[in-house]
>>> print(open('my_file_21.txt').read())   # compact mmCIF, C-alpha atoms
# COMPACT_ATOMS: atom_id res chain seq x y z
CA MET M 22 -4.50 -49.69 1.42
CA THR M 23 -8.01 -48.32 1.27
CA TYR M 24 -10.29 -46.17 -0.85
CA CYS M 25 -12.61 -43.47 0.44
CA VAL M 26 -14.57 -40.87 -1.52
CA ALA M 27 -16.80 -37.99 -0.45
CA VAL M 28 -18.91 -35.71 -2.65
CA LYS M 29 -20.42 -32.28 -1.94
CA LEU M 30 -23.52 -31.48 -4.01
CA ASN M 31 -26.22 -28.84 -3.96
CA ALA M 32 -28.61 -31.48 -2.62
CA GLY M 33 -26.35 -32.94 0.06
CA LEU M 34 -23.28 -35.04 0.75
CA VAL M 35 -22.31 -38.60 -0.15
CA PHE M 36 -19.61 -40.62 1.64
CA LEU M 37 -18.29 -44.08 0.76
CA SER M 38 -15.44 -46.14 2.21
CA ASP M 39 -14.15 -49.68 1.99
CA SER M 40 -12.89 -51.65 4.99
CA ARG M 41 -9.82 -53.53 3.72
CA THR M 42 -6.59 -53.31 5.68
CA ASN M 43 -3.68 -55.17 4.13
CA ALA M 44 -0.54 -55.77 6.17
CA GLY M 45 0.90 -58.37 3.80
CA LEU M 46 -0.20 -61.08 1.38
CA ASP M 47 -1.27 -63.39 4.19
CA HIS M 48 -2.64 -60.79 6.61
CA ILE M 49 -5.81 -59.11 5.37
CA SER M 50 -8.12 -57.57 7.95
CA THR M 51 -11.34 -55.57 8.07
CA PHE M 52 -11.43 -52.21 9.80
CA ARG M 53 -14.03 -49.53 9.17
CA LYS M 54 -12.68 -46.25 7.78
CA MET M 55 -15.78 -44.11 8.36
CA ILE M 56 -17.25 -42.59 11.51
CA VAL M 57 -20.44 -40.52 11.78
CA TYR M 58 -20.97 -37.74 14.33
CA GLU M 59 -24.63 -36.75 14.62
CA LYS M 60 -26.39 -34.35 16.95
CA PRO M 61 -29.94 -34.22 15.54
CA ASP M 62 -31.24 -30.76 14.61
CA ASP M 63 -27.78 -29.27 15.25
CA ARG M 64 -24.95 -30.95 13.33
CA PHE M 65 -24.05 -33.91 11.14
CA MET M 66 -20.41 -34.75 10.37
CA VAL M 67 -18.59 -37.67 8.77
CA LEU M 68 -14.89 -38.56 8.97
CA LEU M 69 -13.13 -40.85 6.45
CA SER M 70 -9.58 -42.07 6.99
CA ALA M 71 -6.79 -43.67 4.98
CA GLY M 72 -3.15 -44.38 5.72
CA ASN M 73 -1.54 -45.88 8.80
CA LEU M 74 -4.34 -47.53 10.78
CA SER M 75 -2.80 -46.98 14.22
CA ILE M 76 -2.44 -43.25 13.48
CA SER M 77 -5.98 -42.83 12.16
CA GLN M 78 -7.48 -44.75 15.08
CA SER M 79 -5.59 -42.55 17.55
CA ILE M 80 -6.80 -39.41 15.79
CA ARG M 81 -10.41 -40.58 15.88
CA GLU M 82 -10.14 -41.36 19.60
CA ILE M 83 -8.55 -38.02 20.48
CA LEU M 84 -11.00 -36.08 18.30
CA GLN M 85 -13.81 -37.09 20.66
CA VAL M 86 -12.26 -35.02 23.46
CA GLU M 87 -9.94 -32.60 21.64
CA GLN M 88 -10.34 -28.94 22.65
CA LEU M 89 -9.05 -25.95 20.72
CA LYS M 90 -8.41 -22.78 22.74
CA ASP M 91 -8.28 -19.63 20.63
CA ARG M 92 -7.69 -17.22 23.49
CA GLU M 93 -7.35 -17.23 27.25
CA GLY M 94 -10.66 -17.42 29.06
CA ALA M 95 -12.69 -18.36 25.97
CA GLU M 96 -14.74 -21.55 25.87
CA PRO M 97 -12.70 -24.35 24.27
CA ILE M 98 -13.88 -25.37 20.80
CA THR M 99 -14.76 -29.02 20.22
CA ILE M 100 -16.44 -30.79 17.31
CA TRP M 101 -19.63 -30.74 19.40
CA ASN M 102 -19.83 -26.99 20.03
CA ALA M 103 -17.97 -25.56 16.98
CA LYS M 104 -20.02 -22.84 15.28
CA SER M 105 -18.78 -23.79 11.81
CA MET M 106 -17.38 -26.78 9.95
CA PHE M 107 -14.21 -24.74 9.46
CA ASP M 108 -13.73 -24.60 13.24
CA ALA M 109 -14.55 -28.31 13.51
CA ALA M 110 -11.86 -28.98 10.88
CA ARG M 111 -9.43 -26.92 12.94
CA VAL M 112 -10.17 -29.14 15.94
CA LEU M 113 -9.45 -32.19 13.78
CA GLY M 114 -6.19 -30.60 12.64
CA SER M 115 -5.26 -30.08 16.29
CA ALA M 116 -5.98 -33.75 17.03
CA ILE M 117 -3.72 -34.79 14.13
CA ARG M 118 -0.88 -32.63 15.44
CA ARG M 119 -1.36 -33.99 18.97
CA VAL M 120 -0.90 -37.55 17.69
CA TYR M 121 2.11 -36.41 15.64
CA ASP M 122 3.75 -34.82 18.69
CA ARG M 123 3.15 -38.00 20.66
CA ASP M 124 4.08 -40.69 18.12
CA ALA M 125 6.06 -39.27 15.19
CA GLU M 126 9.51 -39.62 16.76
CA ALA M 127 8.88 -43.21 17.84
CA LEU M 128 7.50 -44.06 14.40
CA LYS M 129 10.53 -42.49 12.74
CA ASN M 130 12.85 -44.56 14.93
CA ALA M 131 10.96 -47.65 13.77
CA ASP M 132 11.33 -46.50 10.13
CA VAL M 133 7.57 -45.83 9.79
CA ASP M 134 6.25 -42.66 8.15
CA PHE M 135 3.57 -40.55 9.81
CA ASN M 136 1.12 -41.25 7.01
CA VAL M 137 -2.55 -40.38 7.31
CA SER M 138 -5.13 -38.79 4.99
CA LEU M 139 -8.61 -37.78 6.10
CA VAL M 140 -11.79 -36.39 4.59
CA PHE M 141 -14.09 -34.50 6.93
CA GLY M 142 -17.45 -33.06 5.94
CA GLY M 143 -20.91 -32.21 7.12
CA GLN M 144 -23.16 -29.37 8.16
CA ILE M 145 -23.61 -27.34 11.34
CA ARG M 146 -26.82 -25.38 11.85
CA GLY M 147 -26.36 -21.79 10.73
CA GLU M 148 -24.12 -22.47 7.73
CA ASN M 149 -23.98 -24.40 4.48
CA MET M 150 -22.50 -27.87 4.04
CA ARG M 151 -18.71 -28.02 3.80
CA LEU M 152 -16.19 -30.70 2.87
CA PHE M 153 -12.46 -30.78 3.71
CA GLN M 154 -9.47 -32.93 2.86
CA MET M 155 -7.06 -33.15 5.80
CA TYR M 156 -3.34 -33.82 5.54
CA SER M 157 -0.88 -35.40 7.94
CA ALA M 158 0.40 -31.97 9.02
CA GLY M 159 -3.08 -31.04 10.26
CA ASN M 160 -3.71 -28.57 7.43
CA PHE M 161 -6.60 -28.89 4.99
CA ILE M 162 -8.26 -27.73 1.79
CA GLU M 163 -11.98 -27.26 1.07
CA ALA M 164 -14.12 -28.64 -1.75
CA THR M 165 -15.49 -26.13 -4.29
CA ASP M 166 -17.98 -26.22 -7.16
CA GLU M 167 -15.02 -26.85 -9.50
CA THR M 168 -13.75 -29.69 -7.30
CA PRO M 169 -16.87 -31.17 -5.66
CA TYR M 170 -15.30 -34.41 -4.41
CA PHE M 171 -12.29 -35.70 -2.51
CA GLN M 172 -10.64 -39.14 -2.60
CA VAL M 173 -8.10 -40.68 -0.24
CA GLY M 174 -6.26 -43.96 -0.56
CA GLU M 175 -6.24 -45.87 -3.84
CA SER M 176 -7.87 -43.15 -5.91
CA LYS M 177 -6.68 -43.54 -9.50
CA TYR M 178 -8.94 -46.37 -10.69
CA GLY M 179 -12.16 -44.77 -9.47
CA LYS M 180 -11.45 -41.20 -10.57
CA PRO M 181 -12.46 -41.27 -14.29
CA VAL M 182 -16.15 -41.99 -13.66
CA LEU M 183 -16.31 -39.26 -10.99
CA ASP M 184 -14.83 -36.71 -13.42
CA ARG M 185 -17.30 -37.66 -16.15
CA VAL M 186 -20.47 -37.76 -14.05
CA LEU M 187 -20.33 -35.49 -11.00
CA THR M 188 -21.31 -31.83 -10.94
CA PRO M 189 -22.77 -29.79 -8.05
CA ALA M 190 -26.23 -30.29 -9.62
CA THR M 191 -26.00 -34.11 -9.62
CA PRO M 192 -28.91 -35.66 -7.66
CA LEU M 193 -28.02 -37.56 -4.49
CA ALA M 194 -29.21 -40.95 -5.79
CA GLU M 195 -27.17 -40.56 -8.98
CA ALA M 196 -24.11 -39.50 -6.97
CA ALA M 197 -24.48 -42.56 -4.72
CA LYS M 198 -24.58 -44.76 -7.81
CA CYS M 199 -21.54 -42.97 -9.21
CA VAL M 200 -19.37 -43.47 -6.10
CA LEU M 201 -20.37 -47.14 -5.96
CA VAL M 202 -19.27 -47.57 -9.59
CA SER M 203 -16.07 -45.75 -8.68
CA MET M 204 -15.49 -48.16 -5.79
CA ASP M 205 -16.32 -51.19 -7.92
CA SER M 206 -13.79 -50.09 -10.56
CA THR M 207 -11.17 -49.70 -7.83
CA MET M 208 -11.82 -53.13 -6.34
CA LYS M 209 -11.66 -54.70 -9.81
CA SER M 210 -8.12 -53.37 -10.31
CA ASN M 211 -6.71 -53.47 -6.78
CA LEU M 212 -7.08 -56.37 -4.35
CA SER M 213 -6.05 -54.17 -1.43
CA VAL M 214 -9.47 -52.48 -1.55
CA GLY M 215 -12.40 -54.67 -0.57
CA LEU M 216 -15.83 -55.27 0.93
CA PRO M 217 -17.71 -54.54 3.08
CA LEU M 218 -18.42 -50.91 2.18
CA ASP M 219 -19.96 -48.15 4.27
CA LEU M 220 -22.23 -45.70 2.42
CA VAL M 221 -23.77 -42.56 3.92
CA VAL M 222 -26.06 -40.13 2.08
CA TYR M 223 -26.91 -36.82 3.77
CA GLU M 224 -29.65 -34.46 2.58
CA ALA M 225 -28.89 -30.75 2.98
CA ASP M 226 -30.32 -28.92 6.02
CA THR M 227 -31.58 -32.06 7.78
CA TYR M 228 -28.76 -32.41 10.36
CA LYS M 229 -29.31 -36.18 10.49
CA SER M 230 -29.40 -39.16 8.16
CA ASP M 231 -31.02 -42.56 8.08
CA LYS M 232 -29.46 -43.32 4.68
CA ILE M 233 -26.60 -45.35 6.17
CA VAL M 234 -25.85 -48.84 4.90
CA CYS M 235 -23.14 -51.49 5.13
CA ILE M 236 -22.72 -53.24 1.77
CA ASP M 237 -21.32 -56.77 1.47
CA ASN M 238 -21.26 -59.46 -1.22
CA ASP M 239 -24.88 -60.38 -0.51
CA ASN M 240 -26.24 -56.87 -1.10
CA PRO M 241 -28.66 -57.18 -4.07
CA TYR M 242 -28.19 -53.62 -5.37
CA TYR M 243 -24.41 -53.87 -5.29
CA ARG M 244 -24.45 -57.25 -7.04
CA MET M 245 -26.74 -55.83 -9.76
CA MET M 246 -24.57 -52.73 -10.19
CA HIS M 247 -21.34 -54.75 -10.33
CA SER M 248 -22.74 -57.08 -12.98
CA SER M 249 -24.42 -54.34 -15.04
CA TRP M 250 -21.40 -52.02 -15.03
CA GLY M 251 -19.10 -54.73 -16.34
CA GLN M 252 -21.63 -55.82 -18.96
CA LYS M 253 -22.38 -52.28 -20.17
CA LEU M 254 -18.69 -51.42 -20.40
CA ARG M 255 -18.18 -54.46 -22.61
CA GLU M 256 -21.16 -53.50 -24.78
CA VAL M 257 -19.85 -49.96 -25.24
CA PHE M 258 -16.38 -51.31 -26.04
CA ASP M 259 -17.80 -53.75 -28.61
CA SER M 260 -19.83 -50.95 -30.22
CA ILE M 261 -16.67 -49.02 -31.15
CA GLU M 262 -15.36 -49.93 -34.61
CA ASP M 263 -12.03 -51.76 -34.73
CA PRO M 264 -9.14 -49.85 -36.35
CA VAL M 265 -8.49 -50.63 -40.04
CA TRP M 266 -4.82 -51.16 -40.95
CA ASP M 267 -5.02 -52.29 -44.58
CA ASP M 268 -6.41 -50.45 -47.60
CA ALA M 269 -10.04 -51.36 -46.91
CA HIS M 270 -12.45 -48.47 -47.12
CA THR M 271 -13.40 -46.75 -43.88
CA ASP M 272 -14.80 -43.34 -43.00
CA ILE M 273 -12.69 -43.24 -39.83
CA PRO M 274 -9.14 -44.25 -40.83
CA LEU M 275 -6.51 -44.68 -38.12
CA LYS M 276 -3.44 -44.83 -40.34
CA MET M 277 -3.22 -41.22 -41.43
CA PRO M 278 -0.27 -38.80 -41.52
CA ALA M 279 -0.17 -36.56 -38.46
CA VAL M 280 -0.66 -32.89 -39.26
CA ARG M 281 2.00 -31.47 -36.94
CA HIS M 282 4.34 -34.39 -36.29
CA GLU M 283 6.68 -36.70 -38.20
CA PRO M 284 6.02 -40.44 -38.05
CA LEU M 285 8.00 -42.60 -35.62
CA LYS M 286 11.49 -43.30 -36.99
CA LYS M 287 12.72 -46.86 -37.42
CA ILE M 288 16.34 -47.78 -36.68
CA THR M 289 17.49 -50.37 -39.23
CA THR M 290 21.31 -50.39 -38.90
CA PRO M 291 23.81 -49.91 -36.05
CA GLU M 292 25.21 -46.82 -37.80
CA GLU M 293 21.98 -44.84 -37.78
CA LYS M 294 21.64 -42.01 -35.29
CA LEU M 295 18.56 -41.24 -33.24
CA ILE M 296 18.97 -37.50 -33.81
>>> encode(input="my_file_21.txt", output="structure tokens")
Amino acid sequence: MTYCVAVKLNAGLVFLSDSRTNAGLDHISTFRKMIVYEKPDDRFMVLLSAGNLSISQSIREILQVEQLKDREGAEPITIWNAKSMFDAARVLGSAIRRVYDRDAEALKNADVDFNVSLVFGGQIRGENMRLFQMYSAGNFIEATDETPYFQVGESKYGKPVLDRVLTPATPLAEAAKCVLVSMDSTMKSNLSVGLPLDLVVYEADTYKSDKIVCIDNDNPYYRMMHSSWGQKLREVFDSIEDPVWDDAHTDIPLKMPAVRHEPLKKITTPEEKLI
């Protein structure tokens, strides 16, 4: 299991991944799920992967040399010469299908699903930033202003804070903090997601980034954030008034008749019917 998240904002892109690979209770390994492709002043792209590790590693290897031929005689498209992120995503889709054609039958015979999920985003000179979620069939969808982030892997625990905080106008530093809180919430609830983390922050129209960091248990910012988030959540929880069940006065009663629904029915004898 793993957890990866990527965010597309007006100001840039943020990518975060863990590095936990769990093949059983007594076999926990560390493999990085993020790879950065950078050609300064021309293109900056990041690939995140979740799912079967052997499949994702094969896709990453083939992507380096994969060529997409649209028509006879035309120059093959690669991630290094694609004119748009859409074309680069098409090359990635072709790499996924190449691995499927090579390995899917053997995996099926071994009772293993062809399971891989990828997030691919960046910017190529001449167009705006773009962010895609790739599926195991090689198809993909693109992030929009209404859906400015993608998650792959163990996504459910880290999703609420993303939904409450992120908008296209969110500053990059705030978005980086948000995805780290999202990751911390995930690691708190699922042991199959773990440190170290890889974080990349890309500023729009720069075509490079030096905001790349590997975060482990000794990272002072992460330790502060982990401690503060847990403490502040507890403080907010404690600030909410407990429900009152007896006849004591309260301005916010819990035990009130519902306007549109009957109260839950009790069954008190074997002869009573539910309906």
>>> closest_residue(input="my_file_21.txt", among="M:Val222, M:Leu68, M:Ala269, M:Met55", to="Leu30 (chain M)", atoms="only C-alpha atoms")
M:Val222
>>> atom_distance(input="my_file_21.txt", atom1="CA of Ala125 (chain M)", atom2="CA of Phe161 (chain M)")
19.3 Å
>>> closest_residue(input="my_file_21.txt", among="M:Lys180, M:Lys209, M:Arg281, M:Lys29", to="Arg151 (chain M)", atoms="all atoms listed in the file")
M:Lys29
>>> closest_residue(input="my_file_21.txt", among="M:Ala225, M:Val173, M:Leu295, M:Leu216", to="Thr42 (chain M)", atoms="all atoms listed in the file")
M:Leu216
>>> closest_residue(input="my_file_21.txt", among="M:Ile273, M:Val200, M:Val265, M:Ile98", to="Asp39 (chain M)", atoms="all atoms listed in the file")
M:Val200
>>> closest_residue(input="my_file_21.txt", among="M:Pro264, M:Val28, M:Arg244, M:Tyr58", to="Glu195 (chain M)", atoms="only C-alpha atoms")
M:Val28
>>> closest_residue(input="my_file_21.txt", among="M:Thr188, M:Ser260, M:Leu34, M:Gly215", to="Leu152 (chain M)", atoms="all atoms listed in the file")
M:Leu34
>>> axis_aligned_box(input="my_file_21.txt", around="region 241-249 of chain M", padding_each_side="3 Å", output="lines of an AutoDock Vina configuration file")
center_x = -25.0
center_y = -55.0
center_z = -9.6
size_x = 13.3
size_y = 10.5
size_z = 17.0
>>> atom_distance(input="my_file_21.txt", atom1="CA of Asp205 (chain M)", atom2="CA of Ser75 (chain M)")
26.3 Å
>>> residues_around(input="my_file_21.txt", residues="Arg111 (chain M)", least_positions_apart="6", cutoff="9 Å", atoms="all atoms listed in the file", output="PyMOL selection string")
chain M and resi 89+159-161
>>> residues_around(input="my_file_21.txt", residues="Pro97 (chain M)", least_positions_apart="6", cutoff="10 Å", atoms="all atoms listed in the file", output="VMD selection string")
chain M and resid 87 to 91 103 112
>>> atom_distance(input="my_file_21.txt", atom1="CA of Ser40 (chain M)", atom2="CA of Ser77 (chain M)")
13.3 Å
>>> residues_around(input="my_file_21.txt", residues="Phe141 (chain M)", least_positions_apart="4", cutoff="8 Å", atoms="all atoms listed in the file", output="PDB file with C-alpha atoms, keeping the file's coordinate frame")
ATOM      1  CA  MET M  66     -20.410 -34.750  10.370  1.00  0.00           C
ATOM      2  CA  VAL M  67     -18.590 -37.670   8.770  1.00  0.00           C
ATOM      3  CA  LEU M  68     -14.890 -38.560   8.970  1.00  0.00           C
ATOM      4  CA  LEU M  69     -13.130 -40.850   6.450  1.00  0.00           C
ATOM      5  CA  ALA M 110     -11.860 -28.980  10.880  1.00  0.00           C
ATOM      6  CA  LEU M 152     -16.190 -30.700   2.870  1.00  0.00           C
ATOM      7  CA  PHE M 153     -12.460 -30.780   3.710  1.00  0.00           C
ATOM      8  CA  GLN M 154      -9.470 -32.930   2.860  1.00  0.00           C
ATOM      9  CA  MET M 155      -7.060 -33.150   5.800  1.00  0.00           C
TER      10      MET M 155
END
>>> residues_around(input="my_file_21.txt", residues="Met150 (chain M)", least_positions_apart="2", cutoff="12 Å", atoms="only C-alpha atoms", output="PyMOL selection string")
chain M and resi 28-35+64-67+105-107+141-148+152-153+163-165+169+223-228
>>> decode(input="my_file_21.txt", residues="region 114-191 of chain M", atoms="C-alpha atoms", output="PDB file, in the first residue's frame")
ATOM      1  CA  GLY M 114      -0.388   5.579 -21.488  1.00  0.00           C
ATOM      2  CA  SER M 115       1.469   3.795 -24.285  1.00  0.00           C
ATOM      3  CA  ALA M 116       4.137   2.651 -21.811  1.00  0.00           C
ATOM      4  CA  ILE M 117       1.430   1.268 -19.504  1.00  0.00           C
ATOM      5  CA  ARG M 118      -0.144  -0.690 -22.370  1.00  0.00           C
ATOM      6  CA  ARG M 119       3.266  -2.014 -23.440  1.00  0.00           C
ATOM      7  CA  VAL M 120       3.843  -3.447 -19.963  1.00  0.00           C
ATOM      8  CA  TYR M 121       0.299  -4.850 -19.972  1.00  0.00           C
ATOM      9  CA  ASP M 122       0.856  -6.594 -23.310  1.00  0.00           C
ATOM     10  CA  ARG M 123       4.100  -8.053 -21.999  1.00  0.00           C
ATOM     11  CA  ASP M 124       3.118  -9.106 -18.464  1.00  0.00           C
ATOM     12  CA  ALA M 125      -0.668  -9.234 -18.006  1.00  0.00           C
ATOM     13  CA  GLU M 126      -1.141 -12.824 -19.164  1.00  0.00           C
ATOM     14  CA  ALA M 127       1.680 -14.135 -16.978  1.00  0.00           C
ATOM     15  CA  LEU M 128       0.348 -12.172 -14.000  1.00  0.00           C
ATOM     16  CA  LYS M 129      -3.136 -13.546 -14.585  1.00  0.00           C
ATOM     17  CA  ASN M 130      -1.770 -17.092 -14.653  1.00  0.00           C
ATOM     18  CA  ALA M 131      -0.132 -16.372 -11.293  1.00  0.00           C
ATOM     19  CA  ASP M 132      -3.459 -15.009  -9.973  1.00  0.00           C
ATOM     20  CA  VAL M 133      -2.102 -11.433  -9.779  1.00  0.00           C
ATOM     21  CA  ASP M 134      -4.120  -8.460 -11.041  1.00  0.00           C
ATOM     22  CA  PHE M 135      -2.592  -5.862 -13.345  1.00  0.00           C
ATOM     23  CA  ASN M 136      -2.983  -3.150 -10.734  1.00  0.00           C
ATOM     24  CA  VAL M 137      -1.319   0.226 -11.110  1.00  0.00           C
ATOM     25  CA  SER M 138      -2.407   3.845 -10.557  1.00  0.00           C
ATOM     26  CA  LEU M 139      -0.327   6.839 -11.560  1.00  0.00           C
ATOM     27  CA  VAL M 140      -0.439  10.616 -11.273  1.00  0.00           C
ATOM     28  CA  PHE M 141       1.489  12.571 -13.884  1.00  0.00           C
ATOM     29  CA  GLY M 142       1.808  16.346 -13.939  1.00  0.00           C
ATOM     30  CA  GLY M 143       4.007  19.238 -14.869  1.00  0.00           C
ATOM     31  CA  GLN M 144       4.529  21.977 -17.406  1.00  0.00           C
ATOM     32  CA  ILE M 145       6.036  22.139 -20.886  1.00  0.00           C
ATOM     33  CA  ARG M 146       7.092  25.504 -22.293  1.00  0.00           C
ATOM     34  CA  GLY M 147       4.324  26.965 -24.433  1.00  0.00           C
ATOM     35  CA  GLU M 148       1.377  25.774 -22.345  1.00  0.00           C
ATOM     36  CA  ASN M 149      -0.068  25.941 -18.855  1.00  0.00           C
ATOM     37  CA  MET M 150       0.538  23.403 -16.095  1.00  0.00           C
ATOM     38  CA  ARG M 151      -1.501  20.201 -16.328  1.00  0.00           C
ATOM     39  CA  LEU M 152      -2.153  17.264 -14.018  1.00  0.00           C
ATOM     40  CA  PHE M 153      -3.433  13.787 -14.979  1.00  0.00           C
ATOM     41  CA  GLN M 154      -4.532  10.648 -13.181  1.00  0.00           C
ATOM     42  CA  MET M 155      -3.565   7.539 -15.155  1.00  0.00           C
ATOM     43  CA  TYR M 156      -5.332   4.191 -14.965  1.00  0.00           C
ATOM     44  CA  SER M 157      -4.129   0.651 -15.564  1.00  0.00           C
ATOM     45  CA  ALA M 158      -5.673   0.629 -19.057  1.00  0.00           C
ATOM     46  CA  GLY M 159      -3.464   3.551 -20.087  1.00  0.00           C
ATOM     47  CA  ASN M 160      -6.344   6.042 -20.148  1.00  0.00           C
ATOM     48  CA  PHE M 161      -6.435   9.171 -18.005  1.00  0.00           C
ATOM     49  CA  ILE M 162      -8.424  12.125 -16.692  1.00  0.00           C
ATOM     50  CA  GLU M 163      -7.254  15.707 -16.111  1.00  0.00           C
ATOM     51  CA  ALA M 164      -7.496  17.892 -13.012  1.00  0.00           C
ATOM     52  CA  THR M 165      -9.807  20.929 -13.190  1.00  0.00           C
ATOM     53  CA  ASP M 166     -10.531  23.954 -11.005  1.00  0.00           C
ATOM     54  CA  GLU M 167     -13.398  21.964  -9.466  1.00  0.00           C
ATOM     55  CA  THR M 168     -11.114  18.986  -8.806  1.00  0.00           C
ATOM     56  CA  PRO M 169      -7.646  20.475  -8.266  1.00  0.00           C
ATOM     57  CA  TYR M 170      -5.993  17.397  -6.746  1.00  0.00           C
ATOM     58  CA  PHE M 171      -5.561  13.672  -7.327  1.00  0.00           C
ATOM     59  CA  GLN M 172      -4.814  10.889  -4.839  1.00  0.00           C
ATOM     60  CA  VAL M 173      -3.685   7.318  -5.451  1.00  0.00           C
ATOM     61  CA  GLY M 174      -3.268   4.511  -2.963  1.00  0.00           C
ATOM     62  CA  GLU M 175      -4.695   4.792   0.546  1.00  0.00           C
ATOM     63  CA  SER M 176      -6.640   7.987  -0.050  1.00  0.00           C
ATOM     64  CA  LYS M 177      -9.608   8.003   2.320  1.00  0.00           C
ATOM     65  CA  TYR M 178      -7.930   9.147   5.546  1.00  0.00           C
ATOM     66  CA  GLY M 179      -6.189  12.139   3.978  1.00  0.00           C
ATOM     67  CA  LYS M 180      -9.055  13.366   1.814  1.00  0.00           C
ATOM     68  CA  PRO M 181     -11.146  15.434   4.312  1.00  0.00           C
ATOM     69  CA  VAL M 182      -8.463  18.057   4.968  1.00  0.00           C
ATOM     70  CA  LEU M 183      -7.803  18.433   1.213  1.00  0.00           C
ATOM     71  CA  ASP M 184     -11.512  19.034   0.563  1.00  0.00           C
ATOM     72  CA  ARG M 185     -11.733  21.638   3.316  1.00  0.00           C
ATOM     73  CA  VAL M 186      -8.571  23.592   2.507  1.00  0.00           C
ATOM     74  CA  LEU M 187      -7.567  23.400  -1.153  1.00  0.00           C
ATOM     75  CA  THR M 188      -8.792  25.721  -3.888  1.00  0.00           C
ATOM     76  CA  PRO M 189      -6.979  26.848  -7.061  1.00  0.00           C
ATOM     77  CA  ALA M 190      -6.082  30.090  -5.242  1.00  0.00           C
ATOM     78  CA  THR M 191      -4.357  28.324  -2.325  1.00  0.00           C
TER      79      THR M 191
END
